[in-house]
Each structure stands twice: as structure tokens, then as C-alpha cells.
Amino acid sequence: MPDGLWPVLALIAIVLIYVIAKIREYMRVSDAQWKKVDKSKLREWDDDEDD
């Protein structure tokens, strides 16, 4: 392989790992927020209305 390919592959791997870590962090925050919600105030939505 060309010598310049390894740094590019390493950079792509680092970016992918960072993005996956951020997604997992946002999923944890979202889950924690969902557990705090007062679910008694939630309503059902009817998006399939044909007027």
C-alpha cells in the first residue's frame, strides 16, 4: 500500500470512533430524558388523517 494511505485510514477510523461515541452518548442522554418525562401527559397522535 502507498505510504500516505495509513494516516488517512487512521484518521477515518478516529472520526468513525468519535461519531459512534457521540451517538451512544446522545442515546444515553435521550433515554435518561425519556425516563424523566411525565408520561401521564402524553397524547396519541393521528398522523394518518385524510381530510
# chains A, B, ... in the order shown; residues from 1 in each chain; ligands from 1

call {"tool": "select_by_dssp", "arguments": {"residues": "chain A", "states": "helix (DSSP H, G or I)", "output": "ChimeraX atom specification"}}
result
/A:5-36,39-41

call {"tool": "atom_distance", "arguments": {"atom1": "CA of Val29 (chain A)", "atom2": "CA of Glu44 (chain A)"}}
result
23.7 Å

call {"tool": "decode", "arguments": {"residues": "region 17-49 of chain A", "atoms": "N, CA, C and O atoms", "output": "compact mmCIF listing (two decimals), in the first residue's frame"}}
result
# COMPACT_ATOMS: atom_id res chain seq x y z
N ILE A 17 -14.87 6.33 15.16
CA ILE A 17 -14.96 6.03 16.58
C ILE A 17 -15.57 7.21 17.34
O ILE A 17 -16.42 7.04 18.21
N TYR A 18 -15.17 8.43 16.99
CA TYR A 18 -15.71 9.63 17.63
C TYR A 18 -17.21 9.76 17.38
O TYR A 18 -17.98 10.02 18.30
N VAL A 19 -17.62 9.56 16.14
CA VAL A 19 -19.04 9.69 15.79
C VAL A 19 -19.86 8.63 16.52
O VAL A 19 -20.92 8.93 17.07
N ILE A 20 -19.38 7.40 16.56
CA ILE A 20 -20.11 6.34 17.26
C ILE A 20 -20.20 6.64 18.75
O ILE A 20 -21.25 6.44 19.37
N ALA A 21 -19.13 7.15 19.33
CA ALA A 21 -19.16 7.50 20.76
C ALA A 21 -20.16 8.62 21.03
O ALA A 21 -20.89 8.58 22.03
N LYS A 22 -20.21 9.62 20.15
CA LYS A 22 -21.17 10.72 20.33
C LYS A 22 -22.60 10.22 20.20
O LYS A 22 -23.47 10.64 20.97
N ILE A 23 -22.85 9.36 19.23
CA ILE A 23 -24.20 8.82 19.05
C ILE A 23 -24.63 8.06 20.30
O ILE A 23 -25.75 8.22 20.78
N ARG A 24 -23.73 7.24 20.84
CA ARG A 24 -24.07 6.49 22.05
C ARG A 24 -24.31 7.42 23.24
O ARG A 24 -25.20 7.19 24.05
N GLU A 25 -23.53 8.49 23.33
CA GLU A 25 -23.73 9.47 24.41
C GLU A 25 -25.09 10.14 24.28
O GLU A 25 -25.83 10.27 25.27
N TYR A 26 -25.46 10.54 23.06
CA TYR A 26 -26.76 11.18 22.84
C TYR A 26 -27.90 10.19 23.10
O TYR A 26 -28.96 10.59 23.59
N MET A 27 -27.68 8.92 22.79
CA MET A 27 -28.71 7.91 23.08
C MET A 27 -28.91 7.76 24.59
O MET A 27 -30.05 7.64 25.05
N ARG A 28 -27.82 7.79 25.35
CA ARG A 28 -27.94 7.69 26.82
C ARG A 28 -28.66 8.90 27.38
O ARG A 28 -29.54 8.77 28.25
N VAL A 29 -28.33 10.10 26.89
CA VAL A 29 -28.99 11.32 27.37
C VAL A 29 -30.48 11.28 27.02
O VAL A 29 -31.33 11.60 27.85
N SER A 30 -30.79 10.87 25.80
CA SER A 30 -32.18 10.78 25.38
C SER A 30 -32.95 9.79 26.23
O SER A 30 -34.10 10.05 26.62
N ASP A 31 -32.36 8.66 26.52
CA ASP A 31 -33.01 7.65 27.35
C ASP A 31 -33.26 8.19 28.76
O ASP A 31 -34.34 7.99 29.32
N ALA A 32 -32.29 8.88 29.30
CA ALA A 32 -32.46 9.46 30.64
C ALA A 32 -33.57 10.51 30.64
O ALA A 32 -34.38 10.57 31.56
N GLN A 33 -33.63 11.33 29.59
CA GLN A 33 -34.69 12.34 29.50
C GLN A 33 -36.05 11.69 29.35
O GLN A 33 -37.03 12.14 29.93
N TRP A 34 -36.12 10.62 28.56
CA TRP A 34 -37.39 9.93 28.37
C TRP A 34 -37.88 9.32 29.68
O TRP A 34 -39.07 9.30 29.96
N LYS A 35 -36.96 8.83 30.51
CA LYS A 35 -37.36 8.25 31.79
C LYS A 35 -37.88 9.31 32.76
O LYS A 35 -38.67 9.00 33.65
N LYS A 36 -37.47 10.56 32.58
CA LYS A 36 -37.93 11.64 33.45
C LYS A 36 -39.29 12.21 33.04
O LYS A 36 -39.90 12.93 33.81
N VAL A 37 -39.74 11.92 31.83
CA VAL A 37 -40.96 12.53 31.29
C VAL A 37 -42.17 12.05 32.09
O VAL A 37 -42.28 10.90 32.47
N ASP A 38 -43.09 12.99 32.32
CA ASP A 38 -44.36 12.65 32.95
C ASP A 38 -45.25 12.05 31.86
O ASP A 38 -45.88 12.74 31.08
N LYS A 39 -45.27 10.73 31.81
CA LYS A 39 -45.94 10.04 30.72
C LYS A 39 -47.47 10.15 30.80
O LYS A 39 -48.16 9.83 29.84
N SER A 40 -48.00 10.62 31.91
CA SER A 40 -49.45 10.78 32.02
C SER A 40 -49.95 11.93 31.13
O SER A 40 -51.13 12.00 30.83
N LYS A 41 -49.07 12.80 30.71
CA LYS A 41 -49.47 13.94 29.88
C LYS A 41 -49.26 13.71 28.39
O LYS A 41 -49.53 14.59 27.59
N LEU A 42 -48.81 12.52 28.03
CA LEU A 42 -48.60 12.22 26.62
C LEU A 42 -49.93 11.97 25.93
O LEU A 42 -50.87 11.47 26.52
N ARG A 43 -49.98 12.34 24.64
CA ARG A 43 -51.19 12.13 23.85
C ARG A 43 -50.88 11.23 22.67
O ARG A 43 -49.76 11.18 22.21
N GLU A 44 -51.90 10.57 22.18
CA GLU A 44 -51.76 9.79 20.95
C GLU A 44 -51.89 10.72 19.76
O GLU A 44 -52.75 11.61 19.74
N TRP A 45 -51.07 10.52 18.75
CA TRP A 45 -51.11 11.32 17.54
C TRP A 45 -51.74 10.51 16.43
O TRP A 45 -51.44 9.32 16.26
N ASP A 46 -52.59 11.15 15.65
CA ASP A 46 -53.18 10.51 14.47
C ASP A 46 -52.63 11.20 13.24
O ASP A 46 -53.19 12.18 12.75
N ASP A 47 -51.53 10.68 12.73
CA ASP A 47 -50.90 11.29 11.55
C ASP A 47 -51.53 10.83 10.25
O ASP A 47 -51.22 11.33 9.19
N ASP A 48 -52.43 9.85 10.33
CA ASP A 48 -53.00 9.27 9.12
C ASP A 48 -54.33 9.91 8.74
O ASP A 48 -55.16 9.29 8.09
N GLU A 49 -54.54 11.15 9.14
CA GLU A 49 -55.81 11.82 8.83
C GLU A 49 -55.83 12.21 7.36
O GLU A 49 -54.91 12.86 6.85
